[in-house]
>>> print(open('input_11.txt').read())   # compact mmCIF, C-alpha atoms and all ligand atoms
# COMPACT_ATOMS: atom_id res chain seq x y z
CA MET I 1 0.00 0.00 0.00
CA THR I 2 1.49 3.32 -0.99
CA ALA I 3 0.95 6.44 1.08
CA SER I 4 -1.35 9.09 -0.38
CA ILE I 5 0.43 11.83 -2.26
CA VAL I 6 -2.54 14.15 -1.89
CA THR I 7 -4.00 14.54 1.61
CA SER I 8 -6.91 16.86 0.85
CA PRO I 9 -8.08 16.56 -2.77
CA ARG I 10 -9.78 19.34 -4.68
CA ARG I 11 -13.51 19.32 -5.32
CA ILE I 12 -15.46 20.05 -8.47
CA GLU I 13 -16.71 23.60 -9.00
CA ARG I 14 -18.86 22.67 -11.99
CA LEU I 15 -19.17 20.44 -15.02
CA VAL I 16 -18.96 21.97 -18.49
CA SER I 17 -20.23 20.39 -21.73
CA GLY I 18 -18.50 22.61 -24.26
CA GLN I 19 -19.98 23.95 -27.49
CA ARG I 20 -20.28 22.19 -30.82
CA THR I 21 -18.80 24.48 -33.45
CA SER I 22 -16.62 24.49 -36.53
CA ASP I 23 -13.37 26.29 -37.24
CA GLY I 24 -10.71 26.56 -39.92
CA ALA I 25 -12.26 25.73 -43.29
CA GLY I 26 -15.11 23.81 -41.63
CA VAL I 27 -13.64 21.30 -39.19
CA LYS I 28 -16.30 20.10 -36.74
CA LEU I 29 -15.17 20.23 -33.13
CA THR I 30 -16.24 20.79 -29.54
CA ARG I 31 -14.91 23.92 -27.88
CA VAL I 32 -14.52 22.65 -24.34
CA LEU I 33 -12.82 25.73 -22.92
CA THR I 34 -14.70 28.69 -24.38
CA GLN I 35 -13.90 32.41 -24.23
CA GLU I 36 -16.17 32.90 -21.18
CA LEU I 37 -13.86 30.64 -19.14
CA GLN I 38 -10.61 32.43 -20.02
CA GLN I 39 -10.47 34.52 -16.85
CA ARG I 40 -11.48 31.61 -14.64
CA LEU I 41 -8.97 29.23 -16.19
CA ASP I 42 -6.12 31.74 -16.70
CA PRO I 43 -3.49 30.99 -18.18
CA PHE I 44 -5.52 28.74 -20.53
CA LEU I 45 -7.42 30.41 -23.36
CA MET I 46 -9.07 27.59 -25.25
CA LEU I 47 -9.38 23.80 -25.47
CA ASP I 48 -10.84 22.22 -28.59
CA ALA I 49 -11.65 18.51 -28.81
CA PHE I 50 -11.97 17.06 -32.28
CA GLY I 51 -12.91 13.48 -32.99
CA SER I 52 -14.68 11.98 -35.98
CA ASP I 53 -14.47 9.08 -38.39
CA GLN I 54 -16.50 11.04 -40.96
CA ALA I 55 -13.99 12.56 -43.39
CA ASP I 56 -16.32 15.50 -44.16
CA ASP I 57 -15.93 16.62 -40.55
CA TYR I 58 -12.17 17.19 -40.85
CA LEU I 59 -11.03 17.09 -44.52
CA ALA I 60 -11.04 20.88 -45.00
CA GLY I 61 -8.46 21.34 -42.24
CA PHE I 62 -7.06 24.68 -41.16
CA PRO I 63 -5.53 26.48 -44.16
CA ASP I 64 -3.07 29.39 -43.66
CA HIS I 65 -3.99 31.55 -40.67
CA PRO I 66 -2.06 33.77 -38.25
CA HIS I 67 -1.47 33.66 -34.48
CA ARG I 68 0.10 36.16 -32.08
CA GLY I 69 0.57 36.38 -28.32
CA PHE I 70 0.20 32.80 -27.03
CA GLU I 71 1.15 29.12 -27.48
CA THR I 72 -0.77 26.27 -29.12
CA VAL I 73 -0.40 22.67 -28.00
CA THR I 74 -1.85 20.09 -30.39
CA TYR I 75 -2.10 16.52 -29.11
CA MET I 76 -3.14 13.89 -31.57
CA ILE I 77 -4.80 10.69 -30.33
CA ALA I 78 -5.49 9.24 -33.77
CA GLY I 79 -4.98 10.47 -37.32
CA ARG I 80 -2.42 12.43 -39.33
CA MET I 81 -2.12 16.19 -39.61
CA ARG I 82 0.53 18.13 -41.55
CA HIS I 83 1.80 21.44 -40.14
CA ARG I 84 3.60 24.12 -42.17
CA ASP I 85 4.48 27.61 -40.96
CA SER I 86 6.00 30.94 -41.94
CA ALA I 87 9.10 30.24 -39.84
CA GLY I 88 9.93 27.38 -42.24
CA ASN I 89 8.87 24.58 -39.91
CA GLU I 90 7.08 21.54 -41.20
CA GLY I 91 5.97 18.43 -39.36
CA LEU I 92 3.62 15.50 -39.46
CA LEU I 93 1.59 15.05 -36.33
CA GLU I 94 0.19 11.55 -35.87
CA ASN I 95 -1.13 8.90 -33.47
CA GLY I 96 -0.08 9.98 -29.98
CA GLY I 97 2.23 12.78 -31.10
CA MET I 98 2.27 16.38 -29.87
CA GLN I 99 3.18 19.70 -31.37
CA TRP I 100 4.05 22.72 -29.23
CA MET I 101 4.09 26.04 -31.03
CA THR I 102 4.89 29.37 -29.42
CA ALA I 103 3.38 31.95 -31.76
CA GLY I 104 5.05 34.86 -29.94
CA ARG I 105 5.07 37.95 -32.16
CA GLY I 106 3.63 36.06 -35.09
CA VAL I 107 3.27 32.85 -37.02
CA ILE I 108 1.22 32.05 -40.10
CA HIS I 109 0.59 28.35 -40.42
CA SER I 110 -1.62 25.65 -41.89
CA GLU I 111 -2.82 22.45 -40.23
CA LEU I 112 -4.11 20.05 -42.86
CA PRO I 113 -5.22 16.42 -42.55
CA GLU I 114 -3.11 13.88 -44.38
CA GLN I 115 -5.79 11.20 -44.53
CA GLU I 116 -8.98 10.88 -46.50
CA GLU I 117 -10.75 8.40 -44.26
CA GLY I 118 -10.68 6.90 -40.80
CA LEU I 119 -10.62 8.38 -37.35
CA MET I 120 -9.15 11.81 -36.61
CA GLU I 121 -9.09 12.55 -32.91
CA GLY I 122 -7.17 14.99 -30.75
CA PHE I 123 -7.02 18.22 -28.80
CA GLN I 124 -5.74 21.74 -29.23
CA LEU I 125 -4.99 23.77 -26.13
CA TRP I 126 -4.15 27.47 -26.16
CA LEU I 127 -1.81 28.62 -23.40
CA ASN I 128 -1.34 32.33 -22.82
CA LEU I 129 2.05 34.03 -22.80
CA PRO I 130 2.94 36.58 -20.13
CA ALA I 131 2.88 40.21 -21.38
CA SER I 132 6.69 40.28 -21.35
CA ARG I 133 6.87 37.32 -23.79
CA LYS I 134 4.02 37.98 -26.19
CA MET I 135 6.38 39.49 -28.77
CA GLN I 136 9.13 36.87 -28.39
CA ALA I 137 10.47 35.00 -31.41
CA PRO I 138 8.29 32.05 -32.48
CA TRP I 139 9.29 28.56 -31.29
CA TYR I 140 8.13 25.18 -32.46
CA ARG I 141 8.71 21.53 -31.73
CA ASP I 142 7.14 18.23 -32.77
CA PHE I 143 7.21 15.19 -30.49
CA LYS I 144 6.43 11.75 -31.82
CA ALA I 145 4.45 9.46 -29.48
CA LYS I 146 7.60 7.58 -28.47
CA GLU I 147 9.38 10.86 -27.64
CA LEU I 148 6.74 11.92 -25.12
CA PRO I 149 7.66 11.05 -21.52
CA LYS I 150 5.45 8.37 -19.98
CA THR I 151 5.14 7.03 -16.48
CA ARG I 152 3.21 4.32 -14.69
CA THR I 153 2.21 5.23 -11.15
CA ALA I 154 2.22 2.81 -8.20
CA SER I 155 -1.58 3.05 -8.15
CA GLY I 156 -1.86 1.73 -11.70
CA ALA I 157 -2.32 4.81 -13.87
CA GLN I 158 -0.52 5.12 -17.21
CA VAL I 159 0.40 8.76 -17.82
CA THR I 160 1.78 10.70 -20.78
CA VAL I 161 3.51 13.81 -19.45
CA ILE I 162 3.09 16.54 -22.04
CA ALA I 163 4.02 19.42 -19.74
CA GLY I 164 4.97 19.84 -16.10
CA GLN I 165 5.91 16.83 -14.00
CA CYS I 166 4.24 13.61 -12.85
CA SER I 167 5.60 11.29 -10.13
CA GLY I 168 9.16 12.42 -10.79
CA THR I 169 8.92 12.28 -14.58
CA PRO I 170 9.47 15.68 -16.26
CA GLY I 171 7.18 16.44 -19.18
CA ALA I 172 8.16 17.25 -22.75
CA VAL I 173 7.84 21.01 -22.20
CA GLN I 174 8.25 23.30 -19.16
CA ARG I 175 7.28 26.95 -18.87
CA GLU I 176 8.58 29.08 -16.04
CA GLN I 177 5.84 31.67 -15.66
CA THR I 178 2.66 29.69 -16.39
CA GLN I 179 4.01 26.37 -15.03
CA PRO I 180 1.62 24.34 -17.19
CA LEU I 181 0.76 20.79 -16.19
CA TYR I 182 -0.68 18.75 -19.06
CA LEU I 183 -1.22 15.03 -18.47
CA ASP I 184 -3.01 12.36 -20.50
CA ILE I 185 -4.08 9.74 -17.93
CA GLU I 186 -5.24 6.22 -18.65
CA LEU I 187 -7.05 4.41 -15.83
CA GLN I 188 -8.06 0.75 -15.52
CA PRO I 189 -11.05 -0.40 -13.44
CA GLY I 190 -10.19 0.10 -9.76
CA SER I 191 -7.16 2.30 -10.42
CA LEU I 192 -6.53 5.65 -8.85
CA PHE I 193 -4.49 8.69 -9.82
CA GLU I 194 -3.17 11.42 -7.56
CA GLN I 195 -1.32 14.59 -8.50
CA PRO I 196 -0.21 17.46 -6.25
CA ILE I 197 -1.22 20.88 -7.60
CA PRO I 198 -0.58 24.23 -5.87
CA PRO I 199 -3.95 25.60 -4.62
CA GLU I 200 -3.63 28.89 -6.52
CA HIS I 201 -3.12 27.14 -9.87
CA ASN I 202 -6.25 26.87 -12.03
CA ALA I 203 -7.07 23.28 -12.96
CA PHE I 204 -9.56 21.18 -14.88
CA ILE I 205 -10.00 17.67 -16.22
CA TYR I 206 -11.57 16.56 -19.49
CA VAL I 207 -12.78 12.94 -19.71
CA TYR I 208 -12.69 11.46 -23.21
CA ARG I 209 -13.17 7.73 -22.54
CA GLY I 210 -15.20 6.03 -19.84
CA GLN I 211 -16.00 8.03 -16.73
CA VAL I 212 -14.20 8.96 -13.54
CA GLU I 213 -14.97 9.89 -9.96
CA LEU I 214 -13.50 13.06 -8.49
CA GLY I 215 -14.39 14.53 -5.07
CA GLY I 216 -17.41 12.25 -4.71
CA GLN I 217 -18.87 13.27 -8.08
CA THR I 218 -19.00 11.38 -11.37
CA VAL I 219 -17.52 13.03 -14.43
CA PRO I 220 -18.91 11.38 -17.58
CA THR I 221 -17.21 11.16 -20.94
CA GLN I 222 -16.95 14.38 -22.98
CA LYS I 223 -17.34 16.55 -19.90
CA MET I 224 -14.91 19.00 -18.41
CA ALA I 225 -14.79 19.36 -14.64
CA LEU I 226 -13.56 22.70 -13.43
CA LEU I 227 -11.77 22.25 -10.08
CA ARG I 228 -12.16 24.58 -7.13
CA ASN I 229 -9.22 26.60 -5.82
CA GLU I 230 -9.23 26.26 -2.02
CA PRO I 231 -6.19 27.09 0.12
CA ASP I 232 -6.21 23.81 2.06
CA ARG I 233 -6.56 21.50 -0.97
CA ASP I 234 -3.23 20.15 -2.15
CA GLY I 235 -4.02 18.26 -5.35
CA VAL I 236 -6.29 16.07 -7.39
CA CYS I 237 -7.46 12.50 -6.86
CA VAL I 238 -9.28 10.62 -9.65
CA ARG I 239 -10.68 7.07 -9.59
CA ALA I 240 -12.22 4.90 -12.28
CA ASP I 241 -14.40 1.80 -12.19
CA ARG I 242 -14.01 1.16 -15.92
CA PRO I 243 -11.30 1.78 -18.54
CA SER I 244 -11.11 5.57 -18.82
CA ARG I 245 -8.93 8.31 -20.28
CA LEU I 246 -8.75 11.93 -19.29
CA LEU I 247 -6.67 15.06 -19.60
CA LEU I 248 -5.57 16.89 -16.46
CA ILE I 249 -4.54 20.47 -17.17
CA ALA I 250 -3.40 23.07 -14.63
CA GLY I 251 -1.30 26.22 -14.56
CA GLN I 252 -0.28 29.32 -12.65
CA PRO I 253 -2.55 32.26 -13.54
CA LEU I 254 -0.94 35.35 -15.08
CA HIS I 255 -3.49 37.86 -13.68
CA GLU I 256 -3.01 40.09 -16.72
CA PRO I 257 -5.70 41.60 -18.97
CA ILE I 258 -6.81 39.26 -21.80
CA VAL I 259 -7.94 40.85 -25.07
CA GLN I 260 -8.71 38.35 -27.83
CA TYR I 261 -9.64 38.97 -31.41
CA GLY I 262 -9.80 35.62 -33.22
CA PRO I 263 -6.26 34.27 -33.50
CA PHE I 264 -4.62 37.21 -31.67
CA VAL I 265 -4.51 37.32 -27.86
CA MET I 266 -2.89 40.41 -26.35
CA ASN I 267 -3.26 42.60 -23.24
CA THR I 268 -4.79 45.74 -24.79
CA ARG I 269 -7.04 46.66 -27.73
CA LYS I 270 -4.23 48.80 -29.10
CA GLU I 271 -2.02 45.73 -29.35
CA ILE I 272 -4.82 43.90 -31.17
CA TYR I 273 -5.14 46.73 -33.73
CA GLN I 274 -1.36 46.57 -34.15
CA ALA I 275 -1.53 42.80 -34.76
CA MET I 276 -4.24 43.27 -37.40
CA ALA I 277 -2.28 46.07 -39.08
CA ASP I 278 0.90 43.98 -39.03
CA TYR I 279 -0.94 41.00 -40.53
CA GLN I 280 -2.54 43.10 -43.29
CA ALA I 281 0.80 44.73 -44.10
CA GLY I 282 2.55 41.33 -44.24
CA ARG I 283 4.68 42.18 -41.19
CA LEU I 284 3.16 39.74 -38.66
CA ALA I 285 5.48 36.84 -39.28
CA LEU I 286 8.66 38.63 -40.36
FE FE M 301 -3.55 27.50 -35.80
>>> encode(input="input_11.txt", output="structure tokens", more="lines below")
Ligand code: FE
Amino acid sequence: MTASIVTSPRRIERLVSGQRTSDGAGVKLTRVLTQELQQRLDPFLMLDAFGSDQADDYLAGFPDHPHRGFETVTYMIAGRMRHRDSAGNEGLLENGGMQWMTAGRGVIHSELPEQEEGLMEGFQLWLNLPASRKMQAPWYRDFKAKELPKTRTASGAQVTVIAGQCSGTPGAVQREQTQPLYLDIELQPGSLFEQPIPPEHNAFIYVYRGQVELGGQTVPTQKMALLRNEPDRDGVCVRADRPSRLLLIAGQPLHEPIVQYGPFVMNTRKEIYQAMADYQAGRLAL
């Protein structure tokens, strides 16, 4: 029997269903973290879940479009997506792989499916940059599934560590100011997962297979559970009575103004106008 890592687990603030929408050139997806939750879940700006075996739902992809002021993390569960950007980067994202892109002062990129049938499933998370880093040089890296750190906990959870740290295993990416934690957790019937999280960090889970129990409440598949911040709660504890998979995402809030216009996320309206002017003048991604 292993000692508990978390002595007083967080409770659920509320469950969120997300909104069915489409983006890019008509890709059908569920926006799990919508704009209304940006303040509450600072430093996270958006989470999209896409998953379909109907080619018409994803074939159009995301042709050339700009970003400025934040980072995008694309995690592919199944399928193949080709990325090309104005910084000269190109990569194929597939089955279990992850792409981390820091747009910084500006990137123009395309994200296009490289399959005409079969399942395409994955997630795109937007992580804000602190004001002091919004105009940094763009950065990009692709991680194949086998390059992503994985760990198996004593309590039987299989975890892919995309960012942050899990039971001593450092994730693929670390960020000093936002301290993002991004875990993909696989649970078997009867298994349990615990993760310490500082109380002031904003945190949520998204269940995408099976269902889990957290703080005495059931979180069904395709639901996000927003977790309360309480000073005496030192982490998260999740159990499953059936095979289940979920994302656990947490980070240190920036407490800075958030002004979003489509693919630009800055701190002031003036900076948004500047981003639009730069894009129109062809200066965004220079
Ligand atoms: Fe994009």
>>> closest_atom_pairs(input="input_11.txt", of="chain I", to="ligand FE 301 (chain M)", cutoff="8 Å", atoms="all atoms listed in the file", output="JSON lines")
{"residue": "I:Phe62", "atom": "CA", "partner": "M:FE301", "partner_atom": "FE", "distance": 7.0}
{"residue": "I:His65", "atom": "CA", "partner": "M:FE301", "partner_atom": "FE", "distance": 6.3}
{"residue": "I:Pro66", "atom": "CA", "partner": "M:FE301", "partner_atom": "FE", "distance": 6.9}
{"residue": "I:His67", "atom": "CA", "partner": "M:FE301", "partner_atom": "FE", "distance": 6.6}
{"residue": "I:Thr72", "atom": "CA", "partner": "M:FE301", "partner_atom": "FE", "distance": 7.3}
{"residue": "I:Ile108", "atom": "CA", "partner": "M:FE301", "partner_atom": "FE", "distance": 7.9}
{"residue": "I:His109", "atom": "CA", "partner": "M:FE301", "partner_atom": "FE", "distance": 6.3}
{"residue": "I:Ser110", "atom": "CA", "partner": "M:FE301", "partner_atom": "FE", "distance": 6.7}
{"residue": "I:Glu111", "atom": "CA", "partner": "M:FE301", "partner_atom": "FE", "distance": 6.8}
{"residue": "I:Pro263", "atom": "CA", "partner": "M:FE301", "partner_atom": "FE", "distance": 7.6}
>>> closest_residue(input="input_11.txt", among="I:Gln195, I:Ser86, I:Gln38, I:Gln252", to="Gly282 (chain I)", atoms="all atoms listed in the file")
I:Ser86
>>> atom_distance(input="input_11.txt", atom1="CA of Ser167 (chain I)", atom2="CA of Glu194 (chain I)")
9.1 Å
>>> closest_residue(input="input_11.txt", among="I:His83, I:Pro63, I:Leu247, I:Val27", to="Leu226 (chain I)", atoms="only C-alpha atoms")
I:Leu247
>>> atom_distance(input="input_11.txt", atom1="CA of Glu116 (chain I)", atom2="CA of Leu92 (chain I)")
15.2 Å
>>> residues_around(input="input_11.txt", residues="region 139-156 of chain I", least_positions_apart="2", cutoff="10 Å", atoms="all atoms listed in the file", output="compact mmCIF listing (two decimals) with C-alpha atoms, keeping the file's coordinate frame")
# COMPACT_ATOMS: atom_id res chain seq x y z
CA MET I 1 0.00 0.00 0.00
CA THR I 2 1.49 3.32 -0.99
CA SER I 4 -1.35 9.09 -0.38
CA GLU I 71 1.15 29.12 -27.48
CA THR I 72 -0.77 26.27 -29.12
CA VAL I 73 -0.40 22.67 -28.00
CA THR I 74 -1.85 20.09 -30.39
CA TYR I 75 -2.10 16.52 -29.11
CA MET I 76 -3.14 13.89 -31.57
CA ILE I 77 -4.80 10.69 -30.33
CA HIS I 83 1.80 21.44 -40.14
CA ASP I 85 4.48 27.61 -40.96
CA ALA I 87 9.10 30.24 -39.84
CA ASN I 89 8.87 24.58 -39.91
CA GLU I 90 7.08 21.54 -41.20
CA GLY I 91 5.97 18.43 -39.36
CA LEU I 92 3.62 15.50 -39.46
CA LEU I 93 1.59 15.05 -36.33
CA GLU I 94 0.19 11.55 -35.87
CA ASN I 95 -1.13 8.90 -33.47
CA GLY I 96 -0.08 9.98 -29.98
CA GLY I 97 2.23 12.78 -31.10
CA MET I 98 2.27 16.38 -29.87
CA GLN I 99 3.18 19.70 -31.37
CA TRP I 100 4.05 22.72 -29.23
CA MET I 101 4.09 26.04 -31.03
CA THR I 102 4.89 29.37 -29.42
CA ALA I 103 3.38 31.95 -31.76
CA GLY I 104 5.05 34.86 -29.94
CA VAL I 107 3.27 32.85 -37.02
CA GLN I 136 9.13 36.87 -28.39
CA ALA I 137 10.47 35.00 -31.41
CA GLN I 158 -0.52 5.12 -17.21
CA VAL I 159 0.40 8.76 -17.82
CA THR I 160 1.78 10.70 -20.78
CA VAL I 161 3.51 13.81 -19.45
CA ILE I 162 3.09 16.54 -22.04
CA ALA I 163 4.02 19.42 -19.74
CA GLN I 165 5.91 16.83 -14.00
CA CYS I 166 4.24 13.61 -12.85
CA SER I 167 5.60 11.29 -10.13
CA GLY I 168 9.16 12.42 -10.79
CA THR I 169 8.92 12.28 -14.58
CA PRO I 170 9.47 15.68 -16.26
CA GLY I 171 7.18 16.44 -19.18
CA ALA I 172 8.16 17.25 -22.75
CA VAL I 173 7.84 21.01 -22.20
CA LEU I 183 -1.22 15.03 -18.47
CA ASP I 184 -3.01 12.36 -20.50
CA ILE I 185 -4.08 9.74 -17.93
CA GLU I 186 -5.24 6.22 -18.65
CA LEU I 187 -7.05 4.41 -15.83
CA GLN I 188 -8.06 0.75 -15.52
CA PRO I 189 -11.05 -0.40 -13.44
CA GLY I 190 -10.19 0.10 -9.76
CA SER I 191 -7.16 2.30 -10.42
CA LEU I 192 -6.53 5.65 -8.85
CA PHE I 193 -4.49 8.69 -9.82
CA GLU I 194 -3.17 11.42 -7.56
>>> atom_distance(input="input_11.txt", atom1="CA of Ser22 (chain I)", atom2="CA of Gly51 (chain I)")
12.1 Å
>>> closest_residue(input="input_11.txt", among="I:Asp57, I:Ile249, I:Gly122, I:Arg175", to="Phe44 (chain I)", atoms="only C-alpha atoms")
I:Ile249
>>> closest_residue(input="input_11.txt", among="I:Gly164, I:Gly106, I:Gly215, I:Pro253", to="Arg283 (chain I)", atoms="all atoms listed in the file")
I:Gly106
>>> closest_residue(input="input_11.txt", among="I:Asp42, I:Asp53, I:Glu13, I:Glu213", to="Met120 (chain I)", atoms="only C-alpha atoms")
I:Asp53
>>> closest_residue(input="input_11.txt", among="I:Leu125, I:Met266, I:Met135, I:Leu37", to="Ala285 (chain I)", atoms="all atoms listed in the file")
I:Met135
>>> axis_aligned_box(input="input_11.txt", around="region 197-213 of chain I", padding_each_side="5 Å", output="AutoDock Vina command-line options")
--center_x -8.3 --center_y 17.5 --center_z -13.9 --size_x 25.4 --size_y 32.9 --size_z 28.6
>>> residues_around(input="input_11.txt", residues="Leu41 (chain I)", least_positions_apart="5", cutoff="9 Å", atoms="all atoms listed in the file", output="short mmCIF file (atom, residue, chain, number, x, y, z; two decimals) with C-alpha atoms, in the frame of the given file")
data_model
loop_
_atom_site.label_atom_id
_atom_site.label_comp_id
_atom_site.auth_asym_id
_atom_site.auth_seq_id
_atom_site.Cartn_x
_atom_site.Cartn_y
_atom_site.Cartn_z
CA LEU I 33 -12.82 25.73 -22.92
CA HIS I 201 -3.12 27.14 -9.87
CA ASN I 202 -6.25 26.87 -12.03
CA ALA I 203 -7.07 23.28 -12.96
CA PHE I 204 -9.56 21.18 -14.88
CA LEU I 226 -13.56 22.70 -13.43
CA ALA I 250 -3.40 23.07 -14.63
CA GLY I 251 -1.30 26.22 -14.56
CA PRO I 253 -2.55 32.26 -13.54
#
>>> residues_around(input="input_11.txt", residues="region 269-278 of chain I", least_positions_apart="5", cutoff="8 Å", atoms="only C-alpha atoms", output="CSV table (one decimal) with C-alpha atoms, in the frame of the given file")
chain,number,residue,atom,x,y,z
I,68,ARG,CA,0.1,36.2,-32.1
I,259,VAL,CA,-7.9,40.8,-25.1
I,260,GLN,CA,-8.7,38.4,-27.8
I,261,TYR,CA,-9.6,39.0,-31.4
I,264,PHE,CA,-4.6,37.2,-31.7
I,283,ARG,CA,4.7,42.2,-41.2
I,284,LEU,CA,3.2,39.7,-38.7
>>> decode(input="input_11.txt", residues="region 83-98 of chain I", atoms="N, CA, C and O atoms", output="short mmCIF file (atom, residue, chain, number, x, y, z; two decimals), in the first residue's frame")
data_model
loop_
_atom_site.label_atom_id
_atom_site.label_comp_id
_atom_site.auth_asym_id
_atom_site.auth_seq_id
_atom_site.Cartn_x
_atom_site.Cartn_y
_atom_site.Cartn_z
N HIS I 83 1.64 20.04 -40.55
CA HIS I 83 1.80 21.44 -40.14
C HIS I 83 2.88 22.11 -41.01
O HIS I 83 3.93 21.52 -41.22
N ARG I 84 2.59 23.31 -41.49
CA ARG I 84 3.60 24.12 -42.17
C ARG I 84 3.48 25.54 -41.67
O ARG I 84 2.37 26.03 -41.51
N ASP I 85 4.60 26.22 -41.43
CA ASP I 85 4.48 27.61 -40.96
C ASP I 85 5.48 28.56 -41.60
O ASP I 85 6.41 28.15 -42.29
N SER I 86 5.23 29.85 -41.34
CA SER I 86 6.00 30.94 -41.94
C SER I 86 7.43 30.98 -41.44
O SER I 86 8.28 31.63 -42.02
N ALA I 87 7.73 30.29 -40.34
CA ALA I 87 9.10 30.24 -39.84
C ALA I 87 9.89 29.12 -40.53
O ALA I 87 11.04 28.87 -40.19
N GLY I 88 9.24 28.43 -41.48
CA GLY I 88 9.93 27.38 -42.24
C GLY I 88 9.83 26.01 -41.59
O GLY I 88 10.49 25.06 -42.04
N ASN I 89 9.03 25.88 -40.55
CA ASN I 89 8.87 24.58 -39.91
C ASN I 89 7.81 23.75 -40.62
O ASN I 89 6.83 24.27 -41.10
N GLU I 90 8.07 22.45 -40.66
CA GLU I 90 7.08 21.54 -41.20
C GLU I 90 7.14 20.26 -40.39
O GLU I 90 8.21 19.83 -39.97
N GLY I 91 5.97 19.67 -40.14
CA GLY I 91 5.97 18.43 -39.36
C GLY I 91 4.70 17.66 -39.57
O GLY I 91 3.66 18.23 -39.91
N LEU I 92 4.80 16.36 -39.38
CA LEU I 92 3.62 15.50 -39.46
C LEU I 92 3.28 15.05 -38.04
O LEU I 92 4.09 14.47 -37.35
N LEU I 93 2.05 15.38 -37.67
CA LEU I 93 1.59 15.05 -36.33
C LEU I 93 0.70 13.83 -36.44
O LEU I 93 -0.26 13.85 -37.19
N GLU I 94 1.03 12.75 -35.74
CA GLU I 94 0.19 11.55 -35.87
C GLU I 94 0.11 10.76 -34.56
O GLU I 94 0.88 11.01 -33.64
N ASN I 95 -0.85 9.83 -34.57
CA ASN I 95 -1.13 8.90 -33.47
C ASN I 95 -0.29 9.05 -32.20
O ASN I 95 0.75 8.41 -32.06
N GLY I 96 -0.76 9.86 -31.27
CA GLY I 96 -0.08 9.98 -29.98
C GLY I 96 1.01 11.03 -29.95
O GLY I 96 1.67 11.20 -28.94
N GLY I 97 1.21 11.74 -31.05
CA GLY I 97 2.23 12.78 -31.10
C GLY I 97 1.70 14.14 -30.62
O GLY I 97 0.50 14.34 -30.47
N MET I 98 2.64 15.06 -30.39
CA MET I 98 2.27 16.38 -29.87
C MET I 98 3.09 17.45 -30.56
O MET I 98 4.26 17.22 -30.88
#
